[in-house]
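*Asks:* Handing over work_20.txt, compact mmCIF, C-alpha atoms.
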# COMPACT_ATOMS: atom_id res chain seq x y z
CA MET A 1 0.00 0.00 0.00
CA THR A 2 0.70 3.98 0.69
CA LYS A 3 0.40 5.78 1.80
CA SER A 4 1.41 8.93 3.19
CA GLY A 5 0.09 10.52 0.85
CA LYS A 6 -1.25 9.67 4.32
CA SER A 7 0.59 12.72 5.43
CA ILE A 8 1.72 15.85 3.66
CA LEU A 9 4.59 14.07 2.00
CA ARG A 10 3.41 10.52 1.88
CA THR A 11 4.40 10.81 -1.76
CA ALA A 12 7.88 12.08 -1.05
CA ALA A 13 10.76 10.56 -2.96
CA PRO A 14 12.62 7.93 -0.93
CA ALA A 15 15.51 10.23 0.01
CA ALA A 16 16.87 11.21 3.40
CA ILE A 17 15.22 14.22 5.05
CA ALA A 18 17.59 16.32 7.14
CA LEU A 19 15.89 17.38 10.34
CA ALA A 20 17.00 20.06 12.72
CA LEU A 21 17.57 17.17 15.09
CA ALA A 22 20.33 15.61 13.02
CA ALA A 23 21.40 14.97 9.49
CA ALA A 24 19.64 11.94 8.09
CA VAL A 25 21.78 9.17 6.65
CA SER A 26 20.78 6.08 4.73
CA ALA A 27 22.70 3.54 6.80
CA PRO A 28 23.71 5.18 10.10
CA ALA A 29 26.27 3.49 12.30
CA ALA A 30 25.46 2.31 15.82
CA ALA A 31 26.31 4.92 18.43
CA GLU A 32 25.54 5.88 22.01
CA GLY A 33 22.45 8.05 22.26
CA ARG A 34 21.08 7.56 18.74
CA LEU A 35 17.78 6.51 17.21
CA ASN A 36 17.33 5.94 13.49
CA LEU A 37 13.81 5.97 12.03
CA TYR A 38 12.70 4.81 8.59
CA ASN A 39 9.20 6.14 7.89
CA TRP A 40 6.77 7.18 5.16
CA GLY A 41 7.55 10.70 3.92
CA ASP A 42 6.82 13.30 6.61
CA TYR A 43 4.55 10.84 8.41
CA ILE A 44 5.54 12.04 11.86
CA ASN A 45 5.44 15.45 13.49
CA PRO A 46 9.03 16.75 13.83
CA GLU A 47 8.08 18.13 17.23
CA VAL A 48 7.51 14.56 18.46
CA LEU A 49 11.08 13.71 17.49
CA GLN A 50 12.42 16.94 18.97
CA ARG A 51 10.76 16.29 22.33
CA PHE A 52 12.08 12.72 22.46
CA SER A 53 15.56 13.90 21.52
CA GLU A 54 15.62 16.55 24.24
CA GLU A 55 14.08 14.42 27.00
CA PHE A 56 16.32 11.40 26.49
CA ASP A 57 19.42 13.12 25.06
CA VAL A 58 19.16 10.99 21.93
CA GLU A 59 20.15 12.10 18.43
CA VAL A 60 17.29 11.18 16.10
CA THR A 61 17.63 10.68 12.35
CA LEU A 62 14.88 10.11 9.82
CA ASP A 63 15.02 8.43 6.41
CA THR A 64 11.89 8.09 4.29
CA TYR A 65 10.29 5.64 1.88
CA GLY A 66 7.31 5.73 -0.45
CA THR A 67 5.92 2.19 -0.26
CA ASN A 68 5.94 -0.84 2.02
CA GLU A 69 7.70 -2.78 -0.69
CA GLU A 70 10.47 -0.21 -1.01
CA MET A 71 11.11 -0.31 2.73
CA LEU A 72 11.17 -4.10 2.85
CA ALA A 73 13.52 -4.34 -0.13
CA LYS A 74 15.99 -1.97 1.50
CA ILE A 75 15.94 -3.85 4.81
CA GLN A 76 16.36 -7.19 3.04
CA ALA A 77 19.20 -5.76 0.96
CA GLY A 78 21.18 -5.23 4.15
CA ALA A 79 20.40 -1.70 5.37
CA THR A 80 21.20 -2.54 8.99
CA GLY A 81 21.37 0.95 10.49
CA TYR A 82 17.67 1.49 11.09
CA ASP A 83 16.00 0.97 14.44
CA ILE A 84 12.28 1.59 13.81
CA VAL A 85 10.09 1.13 10.74
CA PHE A 86 6.38 1.86 10.22
CA PRO A 87 4.87 -0.97 8.15
CA SER A 88 1.22 -1.28 7.26
CA VAL A 89 -0.50 -4.06 9.20
CA TRP A 90 -0.19 -6.58 6.37
CA MET A 91 3.52 -5.76 6.00
CA HIS A 92 3.90 -6.12 9.78
CA ASP A 93 2.80 -9.74 9.26
CA VAL A 94 5.17 -10.20 6.30
CA MET A 95 8.14 -8.85 8.25
CA PHE A 96 7.31 -11.01 11.26
CA ASN A 97 7.27 -14.11 9.10
CA LEU A 98 10.64 -13.12 7.65
CA GLY A 99 12.14 -12.82 11.13
CA LEU A 100 12.87 -9.11 10.72
CA LEU A 101 11.12 -7.80 13.85
CA ALA A 102 12.39 -7.61 17.42
CA LYS A 103 10.36 -8.38 20.51
CA THR A 104 9.68 -5.18 22.45
CA GLY A 105 7.09 -6.30 25.00
CA ILE A 106 5.25 -3.03 24.34
CA GLY A 107 1.88 -4.71 24.91
CA SER A 108 2.88 -5.35 28.53
CA HIS A 109 3.76 -1.73 29.27
CA PRO A 110 1.38 -0.13 31.83
CA ASP A 111 0.49 2.66 29.40
CA PHE A 112 -0.53 0.22 26.69
CA LYS A 113 -3.96 0.46 28.30
CA ASN A 114 -4.25 3.67 26.27
CA ILE A 115 -4.41 1.69 23.03
CA ASP A 116 -7.79 0.69 21.63
CA PRO A 117 -7.58 -3.14 21.31
CA ASN A 118 -9.48 -2.93 18.01
CA PHE A 119 -6.26 -1.63 16.46
CA ILE A 120 -4.18 -4.67 17.40
CA ARG A 121 -4.72 -6.02 13.91
CA ALA A 122 -1.57 -7.92 12.92
CA LYS A 123 -2.40 -11.62 12.87
CA THR A 124 1.16 -12.53 13.86
CA ASP A 125 1.23 -10.18 16.87
CA PRO A 126 -2.10 -10.52 18.73
CA GLN A 127 -0.59 -9.54 22.09
CA ALA A 128 1.49 -6.62 20.72
CA VAL A 129 4.70 -8.35 21.79
CA TYR A 130 6.49 -6.79 18.82
CA CYS A 131 4.86 -3.61 17.51
CA LEU A 132 2.78 -0.62 18.58
CA PRO A 133 -0.30 0.49 16.60
CA TYR A 134 0.69 3.92 15.26
CA ALA A 135 -1.81 5.65 12.97
CA TRP A 136 -4.74 4.92 10.69
CA GLY A 137 -7.08 6.50 8.19
CA SER A 138 -9.27 6.01 5.15
CA VAL A 139 -8.34 6.05 1.47
CA GLY A 140 -10.95 7.98 -0.47
CA ILE A 141 -11.33 10.84 -2.93
CA VAL A 142 -10.09 14.43 -2.86
CA TYR A 143 -11.70 16.75 -5.42
CA ASN A 144 -11.74 20.34 -6.59
CA LYS A 145 -15.18 21.79 -5.92
CA LYS A 146 -14.71 24.50 -8.53
CA VAL A 147 -13.98 22.02 -11.31
CA VAL A 148 -16.56 19.26 -10.85
CA ASP A 149 -20.14 19.78 -11.98
CA ALA A 150 -21.62 18.22 -8.85
CA PRO A 151 -20.32 17.07 -5.45
CA ILE A 152 -18.52 13.73 -5.54
CA GLU A 153 -19.86 11.30 -2.96
CA GLY A 154 -18.48 8.00 -4.17
CA TRP A 155 -16.60 5.95 -6.75
CA ALA A 156 -19.52 6.01 -9.18
CA ASP A 157 -19.49 9.82 -9.04
CA LEU A 158 -15.72 9.85 -9.61
CA PHE A 159 -15.99 7.79 -12.79
CA ALA A 160 -19.08 9.71 -13.92
CA ALA A 161 -17.01 12.91 -13.68
CA ALA A 162 -14.35 11.27 -15.82
CA GLU A 163 -16.91 10.18 -18.39
CA SER A 164 -18.10 13.79 -18.64
CA GLY A 165 -14.61 14.89 -19.60
CA LYS A 166 -13.10 15.75 -16.21
CA LYS A 167 -9.60 14.47 -15.46
CA ILE A 168 -9.22 11.98 -12.61
CA ILE A 169 -6.23 10.17 -11.09
CA LEU A 170 -6.03 6.82 -9.29
CA LEU A 171 -3.24 5.66 -7.01
CA ASP A 172 -0.30 3.83 -8.53
CA ASP A 173 -0.96 1.00 -6.11
CA PRO A 174 -2.18 -2.44 -7.22
CA ARG A 175 -4.20 -3.38 -4.19
CA GLU A 176 -5.71 0.04 -3.56
CA THR A 177 -6.72 0.54 -7.19
CA ILE A 178 -7.92 -3.00 -7.90
CA GLY A 179 -9.61 -2.70 -4.51
CA ILE A 180 -11.97 -0.09 -5.99
CA GLY A 181 -13.15 -2.76 -8.42
CA HIS A 182 -13.71 -5.19 -5.55
CA ILE A 183 -15.72 -2.59 -3.63
CA MET A 184 -17.89 -1.80 -6.63
CA ASN A 185 -18.41 -5.52 -7.33
CA GLY A 186 -19.24 -6.29 -3.71
CA THR A 187 -16.23 -8.56 -3.19
CA SER A 188 -13.49 -8.42 -0.57
CA VAL A 189 -10.32 -6.43 -1.23
CA ASN A 190 -8.53 -9.46 0.21
CA SER A 191 -10.17 -11.97 -2.13
CA VAL A 192 -7.82 -14.61 -3.51
CA ASP A 193 -10.53 -16.00 -5.76
CA GLU A 194 -9.11 -15.63 -9.27
CA GLU A 195 -12.43 -14.86 -10.90
CA GLU A 196 -13.20 -12.12 -8.38
CA ALA A 197 -9.73 -10.58 -8.76
CA VAL A 198 -10.04 -10.60 -12.55
CA LYS A 199 -13.48 -8.99 -12.43
CA ALA A 200 -12.25 -6.34 -10.00
CA THR A 201 -9.41 -5.52 -12.37
CA ASP A 202 -11.83 -5.52 -15.29
CA TYR A 203 -13.84 -2.81 -13.55
CA ILE A 204 -10.83 -0.48 -13.77
CA VAL A 205 -9.69 -1.67 -17.21
CA GLU A 206 -13.13 -0.94 -18.65
CA ARG A 207 -12.68 2.69 -17.51
CA ILE A 208 -9.02 3.00 -18.36
CA GLY A 209 -9.63 5.60 -21.07
CA ASP A 210 -11.18 7.93 -18.50
CA ILE A 211 -8.22 7.75 -16.09
CA SER A 212 -5.59 10.43 -16.67
CA ALA A 213 -2.82 8.83 -14.59
CA PHE A 214 -1.88 6.38 -11.86
CA THR A 215 0.25 8.28 -9.36
CA TYR A 216 0.64 9.42 -5.76
CA ASP A 217 1.65 12.92 -6.89
CA SER A 218 -1.85 14.22 -7.50
CA ILE A 219 -2.54 16.83 -4.82
CA PRO A 220 -0.91 19.80 -6.62
CA LEU A 221 -2.88 18.94 -9.76
CA VAL A 222 -6.18 18.85 -7.87
CA GLN A 223 -5.30 22.08 -6.06
CA SER A 224 -4.63 23.87 -9.35
CA GLY A 225 -7.73 22.46 -11.03
CA ASP A 226 -5.73 20.71 -13.74
CA VAL A 227 -7.28 17.50 -12.37
CA ALA A 228 -10.82 17.38 -11.02
CA ALA A 229 -10.42 14.56 -8.51
CA ALA A 230 -7.97 11.96 -7.24
CA HIS A 231 -7.93 8.73 -5.29
CA TRP A 232 -6.01 9.69 -2.14
CA TYR A 233 -5.54 9.40 1.60
CA VAL A 234 -7.27 11.08 4.52
CA GLY A 235 -4.15 13.25 4.88
CA ALA A 236 -5.72 15.27 2.07
CA ASN A 237 -7.52 17.05 4.90
CA ILE A 238 -4.30 18.98 5.49
CA PHE A 239 -4.79 20.60 2.10
CA VAL A 240 -8.56 20.89 2.52
CA SER A 241 -7.95 22.92 5.69
CA GLN A 242 -5.72 25.27 3.68
CA MET A 243 -8.17 25.62 0.75
CA PRO A 244 -11.64 24.88 2.20
CA ASP A 245 -13.45 26.76 -0.56
CA VAL A 246 -11.68 24.71 -3.24
CA LEU A 247 -10.98 21.21 -1.95
CA GLU A 248 -13.06 18.43 -0.38
CA TYR A 249 -12.13 14.97 0.87
CA VAL A 250 -14.77 12.24 1.01
CA ILE A 251 -15.00 8.62 2.06
CA PRO A 252 -16.89 6.99 -0.86
CA LYS A 253 -20.43 6.00 0.05
CA GLU A 254 -19.99 2.57 -1.61
CA GLY A 255 -17.13 1.75 0.76
CA ALA A 256 -13.38 2.24 0.82
CA THR A 257 -10.19 0.91 2.34
CA ILE A 258 -8.64 1.78 5.64
CA TYR A 259 -4.91 1.77 6.29
CA GLN A 260 -3.05 1.32 9.54
CA GLU A 261 0.64 1.54 10.23
CA ASP A 262 2.38 0.00 13.20
CA MET A 263 5.62 1.10 14.81
CA CYS A 264 8.08 -1.81 14.84
CA VAL A 265 11.64 -2.30 16.05
CA LEU A 266 13.91 -4.22 13.69
CA GLU A 267 15.73 -7.30 14.88
CA SER A 268 18.87 -5.75 13.37
CA ALA A 269 18.36 -2.42 15.20
CA PRO A 270 21.66 -1.06 16.55
CA ASN A 271 19.86 1.01 19.21
CA LYS A 272 17.17 -1.31 20.54
CA ASP A 273 16.96 0.26 23.98
CA ASN A 274 16.33 3.72 22.53
CA ALA A 275 13.86 2.26 20.06
CA ILE A 276 11.82 0.68 22.84
CA LYS A 277 11.98 3.95 24.78
CA PHE A 278 10.51 5.67 21.74
CA LEU A 279 7.60 3.20 21.55
CA GLU A 280 6.94 3.81 25.25
CA PHE A 281 7.22 7.58 24.72
CA TYR A 282 4.63 7.37 21.93
CA LEU A 283 2.15 5.71 24.31
CA ARG A 284 1.74 9.08 26.04
CA PRO A 285 -1.59 10.65 25.02
CA GLU A 286 -0.10 14.12 24.61
CA ILE A 287 2.53 12.79 22.18
CA ALA A 288 0.04 10.85 20.07
CA ALA A 289 -2.24 13.92 20.04
CA LEU A 290 0.65 16.11 18.92
CA ASN A 291 1.13 13.86 15.92
CA VAL A 292 -2.58 13.84 15.06
CA ALA A 293 -2.77 17.64 15.16
CA GLN A 294 -0.14 17.86 12.42
CA GLN A 295 -0.94 14.73 10.41
CA MET A 296 -4.76 14.92 10.52
CA ASN A 297 -5.30 11.18 10.69
CA GLY A 298 -6.46 8.69 13.28
CA THR A 299 -4.72 7.53 16.42
CA PRO A 300 -5.36 4.25 18.30
CA ASN A 301 -4.54 6.10 21.56
CA ILE A 302 -7.91 6.54 23.29
CA PRO A 303 -7.06 9.31 25.82
CA ALA A 304 -5.29 11.23 23.05
CA LEU A 305 -8.70 11.80 21.48
CA GLU A 306 -9.52 14.20 24.33
CA LEU A 307 -6.48 16.30 23.48
CA ILE A 308 -6.73 16.69 19.72
CA PRO A 309 -8.14 19.85 18.10
CA GLU A 310 -11.94 19.94 18.02
CA GLU A 311 -12.06 20.47 14.27
CA ILE A 312 -10.19 17.17 13.81
CA ALA A 313 -12.12 15.21 16.43
CA ASN A 314 -15.42 16.30 14.85
CA ASN A 315 -14.37 15.68 11.25
CA GLU A 316 -16.16 12.52 10.17
CA THR A 317 -13.71 11.84 7.36
CA MET A 318 -10.96 11.53 9.99
CA TYR A 319 -13.03 9.90 12.72
CA PRO A 320 -15.92 8.26 10.85
CA PRO A 321 -19.14 7.14 12.57
CA LYS A 322 -19.69 3.46 13.16
CA GLU A 323 -21.79 2.90 10.05
CA VAL A 324 -19.01 4.32 7.86
CA MET A 325 -16.29 2.37 9.65
CA GLU A 326 -18.24 -0.80 8.89
CA ARG A 327 -17.83 -0.08 5.16
CA LEU A 328 -14.05 0.22 5.37
CA GLN A 329 -11.82 -2.77 4.56
CA ILE A 330 -8.19 -3.25 5.59
CA PHE A 331 -5.66 -5.20 3.56
CA HIS A 332 -4.30 -8.53 4.81
CA ASP A 333 -1.07 -10.31 3.94
CA LEU A 334 -2.03 -12.65 1.08
CA GLY A 335 1.17 -14.70 1.12
CA GLU A 336 1.88 -16.35 -2.20
CA ASP A 337 -1.54 -15.28 -3.49
CA ILE A 338 -0.19 -11.74 -3.89
CA ARG A 339 1.12 -12.98 -7.23
CA LEU A 340 -2.48 -12.93 -8.48
CA TYR A 341 -2.61 -9.17 -7.90
CA ALA A 342 0.83 -8.63 -9.39
CA ARG A 343 -0.36 -10.39 -12.55
CA GLU A 344 -3.61 -8.42 -12.72
CA TRP A 345 -1.75 -5.15 -12.09
CA ARG A 346 0.53 -5.85 -15.05
CA ARG A 347 -2.57 -6.46 -17.17
CA LEU A 348 -4.13 -3.21 -16.00
CA LYS A 349 -0.99 -1.14 -16.59
CA THR A 350 -0.55 -2.69 -20.03
CA ALA A 351 -4.10 -1.64 -20.88
CA ALA A 352 -3.25 1.91 -19.77
CA GLN A 353 -0.36 2.23 -22.24
With the file now loaded, output its structure as structure tokens.
*Replies:*
Amino acid sequence: MTKSGKSILRTAAPAAIALALAAAVSAPAAAEGRLNLYNWGDYINPEVLQRFSEEFDVEVTLDTYGTNEEMLAKIQAGATGYDIVFPSVWMHDVMFNLGLLAKTGIGSHPDFKNIDPNFIRAKTDPQAVYCLPYAWGSVGIVYNKKVVDAPIEGWADLFAAAESGKKIILLDDPRETIGIGHIMNGTSVNSVDEEEAVKATDYIVERIGDISAFTYDSIPLVQSGDVAAAHWYVGANIFVSQMPDVLEYVIPKEGATIYQEDMCVLESAPNKDNAIKFLEFYLRPEIAALNVAQQMNGTPNIPALELIPEEIANNETMYPPKEVMERLQIFHDLGEDIRLYAREWRRLKTAAQ
């Protein structure tokens, strides 16, 4: 999946970001008083890192990636300097099965009571022995209200806008984009039934001529009006708050996907003690709330909800009501069956050429 676009720079190129805290490096060496994070774009409030750095006298560095697959490939290729990664739930399961995650015991920490148990989603870590639930949100549609002819409320409206000549963009993500087809067909985004996967892909292929691009880099185009609407993450609310008369983010009425990232310590982490301290630090409601205020997405930390800005807490695209939550599906690790989606994605992209 993908997600930053979940945050302001979820779509950032996978290059090191130099923070005021420290210069980021791609494979930092082990050292006293260090912590090396590998995260999605700007998917964490720099103030969170600053506070941790000052309180524990730890030099924090941040490298970024654009996809789960990119992160995994780098770790498997031998990038041994990182301490903490932020995989989506399904990638949490993949990394566990590959033996890449360290036990942290975070689920036994007294402050873990702050975490809503509904967000302990990794099948391989039901007691949160390894990872801490970090952040979550929906994947829906952001659109330019001045460009579309009528408000967009769902996927059918998105494609209807495209059929009328408006430009639309879908994510360059096989499971998210084929997932739209599953949602519209009434099948599970985790289906490993070949016929269902083919039909879900067909739904997109049949509309391929109306899709302007498959990319994460769509927000500037929607802001400018060059594109009417795009398939994107709840982090789009950051831009909606800046341009409320122009932009809108919606969770499609037919249903959508939900993402969740967990915070995991790598088995190869050179600074495990500091990494575990950071997980414990992030259990504090005021720290989780600080991140939400900047990222505009969901937190599994229950008491943090009392501390977040009212305009975020009351925004139903960020904190949807129960009936909307019930229409959101989260991706699972499909094991070897992921090859089915890789094959269908190649077919879809070939059709787009």
*Asks:* Could you check which of A:Lys166, A:Lys113, A:Asp333, A:Lys146 is closest to Val94 in chain A, using all atoms listed in the file?
*Replies:*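 Answer, going by the shortest atom-to-atom distance: A:Asp333.
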*Asks:* Axis-aligned box over every listed atom of range 78-90 of chain A, padded by 6 Å per side: centre and edges in Å to one decimal, as AutoDock Vina command-line options?
*Replies:*
--center_x 10.4 --center_y -2.4 --center_z 9.3 --size_x 33.9 --size_y 20.4 --size_z 22.3
*Asks:* Kindly give the distance, in Å, that separates CA of Phe96 in chain A and CA of Glu176 in chain A, rounded to a single decimal.
*Replies:*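 Straight-line distance from CA of Phe96 in chain A to CA of Glu176 in chain A works out to 22.6 Å.
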*Asks:* Could you tell me how far CA of Met296 in chain A lies from CA of Asn237 in chain A, in Å and to one decimal?
*Replies:* 6.6 Å
*Asks:* Report the distance between CA of Leu247 in chain A and CA of Ser164 in chain A in Å, rounded to one decimal place.
*Replies:*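 Spanning CA of Leu247 in chain A to CA of Ser164 in chain A is a straight-line distance of 19.6 Å.
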*Asks:* Counting all atoms listed in the file, write as a PyMOL selection string all protein and nucleic acid residues lying at most 12 Å from (-5.2, 22.3, -9.5) in the file's frame.
*Replies:* chain A and resi 142-148+167-168+217-230+239+243+246-247
*Asks:* Distance cut-off 8 Å, centre (-1.2, 22.6, 8.2) in file coordinates, counting all atoms listed in the file: which residues qualify? Return them as a ChimeraX atom specification.
*Replies:* /A:238-239,241-242,294
*Asks:* Between A:Asp337, A:Asp83, A:Glu69, A:Glu323, which is the closest to Phe278 in chain A once you count all atoms listed in the file?
*Replies:* A:Asp83
*Asks:* Would you mind telling me which residue in A:Val58, A:Ala79, A:Ile208, A:Ala160 lies nearest to Gln353 in chain A when using only C-alpha atoms?
*Replies:*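 Closest to Gln353 in chain A of all the choices is A:Ile208.
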*Asks:* Give me, as an NGL selection string, all polymer residues having an atom no more than 10 Å from Asn118 in chain A, counting all atoms listed in the file and skipping those fewer than 2 positions away in the same chain.
*Replies:* :A and (115-116 or 120-121 or 133 or 300)
*Asks:* A:Ile330, A:Ile287, A:Cys131, A:Val139: which is nearest Trp90 in chain A, counting only C-alpha atoms?
*Replies:*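 Among the listed residues, A:Ile330 lies closest to Trp90 in chain A.
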*Asks:* Go through A:Val129, A:Ala156, A:Val60, A:Ile141 and flag the residue nearest Val48 in chain A, using all atoms listed in the file for the distances.
*Replies:*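 Result for the nearest residue to Val48 in chain A: A:Val60.
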*Asks:* With only C-alpha atoms as the atoms that count, which of A:Tyr65, A:Phe56, A:Phe112, A:Phe119 lies nearest to Pro285 in chain A?
*Replies:*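 Once distances to Pro285 in chain A are computed over only C-alpha atoms, the minimum belongs to A:Phe112.
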*Asks:* Since the input is missing atoms, can you rebuild N, CA, C and O atoms for range 240-258 of chain A and write them as an mmCIF file, in the frame of the given file?
*Replies:*
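Contents of rebuild-v5.cif, freshly written:
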data_model
loop_
_atom_site.group_PDB
_atom_site.id
_atom_site.type_symbol
_atom_site.label_atom_id
_atom_site.label_comp_id
_atom_site.auth_asym_id
_atom_site.auth_seq_id
_atom_site.Cartn_x
_atom_site.Cartn_y
_atom_site.Cartn_z
ATOM 1 N N VAL A 240 -7.188 20.386 2.438
ATOM 2 C CA VAL A 240 -8.560 20.890 2.520
ATOM 3 C C VAL A 240 -8.633 22.035 3.532
ATOM 4 O O VAL A 240 -9.291 23.054 3.301
ATOM 5 N N SER A 241 -7.929 21.879 4.660
ATOM 6 C CA SER A 241 -7.950 22.920 5.690
ATOM 7 C C SER A 241 -7.303 24.216 5.197
ATOM 8 O O SER A 241 -7.639 25.303 5.658
ATOM 9 N N GLN A 242 -6.389 24.095 4.237
ATOM 10 C CA GLN A 242 -5.720 25.270 3.680
ATOM 11 C C GLN A 242 -6.547 25.917 2.578
ATOM 12 O O GLN A 242 -6.434 27.124 2.339
ATOM 13 N N MET A 243 -7.369 25.127 1.879
ATOM 14 C CA MET A 243 -8.170 25.620 0.750
ATOM 15 C C MET A 243 -9.604 25.121 0.883
ATOM 16 O O MET A 243 -10.116 24.411 0.008
ATOM 17 N N PRO A 244 -10.308 25.459 1.963
ATOM 18 C CA PRO A 244 -11.640 24.880 2.200
ATOM 19 C C PRO A 244 -12.683 25.256 1.159
ATOM 20 O O PRO A 244 -13.678 24.546 0.995
ATOM 21 N N ASP A 245 -12.490 26.364 0.462
ATOM 22 C CA ASP A 245 -13.450 26.760 -0.560
ATOM 23 C C ASP A 245 -13.206 26.045 -1.890
ATOM 24 O O ASP A 245 -14.036 26.116 -2.804
ATOM 25 N N VAL A 246 -12.064 25.348 -1.979
ATOM 26 C CA VAL A 246 -11.680 24.710 -3.240
ATOM 27 C C VAL A 246 -11.710 23.187 -3.144
ATOM 28 O O VAL A 246 -12.198 22.514 -4.050
ATOM 29 N N LEU A 247 -11.179 22.656 -2.056
ATOM 30 C CA LEU A 247 -10.980 21.210 -1.950
ATOM 31 C C LEU A 247 -11.973 20.548 -0.995
ATOM 32 O O LEU A 247 -12.443 21.158 -0.032
ATOM 33 N N GLU A 248 -12.225 19.265 -1.251
ATOM 34 C CA GLU A 248 -13.060 18.430 -0.380
ATOM 35 C C GLU A 248 -12.491 17.030 -0.392
ATOM 36 O O GLU A 248 -12.027 16.542 -1.427
ATOM 37 N N TYR A 249 -12.516 16.381 0.777
ATOM 38 C CA TYR A 249 -12.130 14.970 0.870
ATOM 39 C C TYR A 249 -13.343 14.184 1.315
ATOM 40 O O TYR A 249 -14.040 14.586 2.266
ATOM 41 N N VAL A 250 -13.615 13.054 0.647
ATOM 42 C CA VAL A 250 -14.770 12.240 1.010
ATOM 43 C C VAL A 250 -14.382 10.768 1.119
ATOM 44 O O VAL A 250 -13.485 10.299 0.413
ATOM 45 N N ILE A 251 -15.062 10.076 2.010
ATOM 46 C CA ILE A 251 -15.000 8.620 2.060
ATOM 47 C C ILE A 251 -16.135 8.124 1.170
ATOM 48 O O ILE A 251 -17.303 8.421 1.429
ATOM 49 N N PRO A 252 -15.842 7.406 0.090
ATOM 50 C CA PRO A 252 -16.890 6.990 -0.860
ATOM 51 C C PRO A 252 -18.023 6.238 -0.177
ATOM 52 O O PRO A 252 -17.799 5.375 0.671
ATOM 53 N N LYS A 253 -19.248 6.591 -0.583
ATOM 54 C CA LYS A 253 -20.430 6.000 0.050
ATOM 55 C C LYS A 253 -20.549 4.503 -0.214
ATOM 56 O O LYS A 253 -21.168 3.780 0.566
ATOM 57 N N GLU A 254 -19.926 4.006 -1.317
ATOM 58 C CA GLU A 254 -19.990 2.570 -1.610
ATOM 59 C C GLU A 254 -19.079 1.746 -0.717
ATOM 60 O O GLU A 254 -19.190 0.523 -0.636
ATOM 61 N N GLY A 255 -18.133 2.431 -0.054
ATOM 62 C CA GLY A 255 -17.130 1.750 0.760
ATOM 63 C C GLY A 255 -15.744 2.163 0.318
ATOM 64 O O GLY A 255 -15.561 2.765 -0.737
ATOM 65 N N ALA A 256 -14.757 1.852 1.123
ATOM 66 C CA ALA A 256 -13.380 2.240 0.820
ATOM 67 C C ALA A 256 -12.447 1.347 1.630
ATOM 68 O O ALA A 256 -12.886 0.420 2.323
ATOM 69 N N THR A 257 -11.159 1.640 1.531
ATOM 70 C CA THR A 257 -10.190 0.910 2.340
ATOM 71 C C THR A 257 -9.740 1.778 3.505
ATOM 72 O O THR A 257 -9.889 2.999 3.503
ATOM 73 N N ILE A 258 -9.216 1.116 4.484
ATOM 74 C CA ILE A 258 -8.640 1.780 5.640
ATOM 75 C C ILE A 258 -7.204 1.286 5.774
ATOM 76 O O ILE A 258 -6.926 0.104 5.561
#
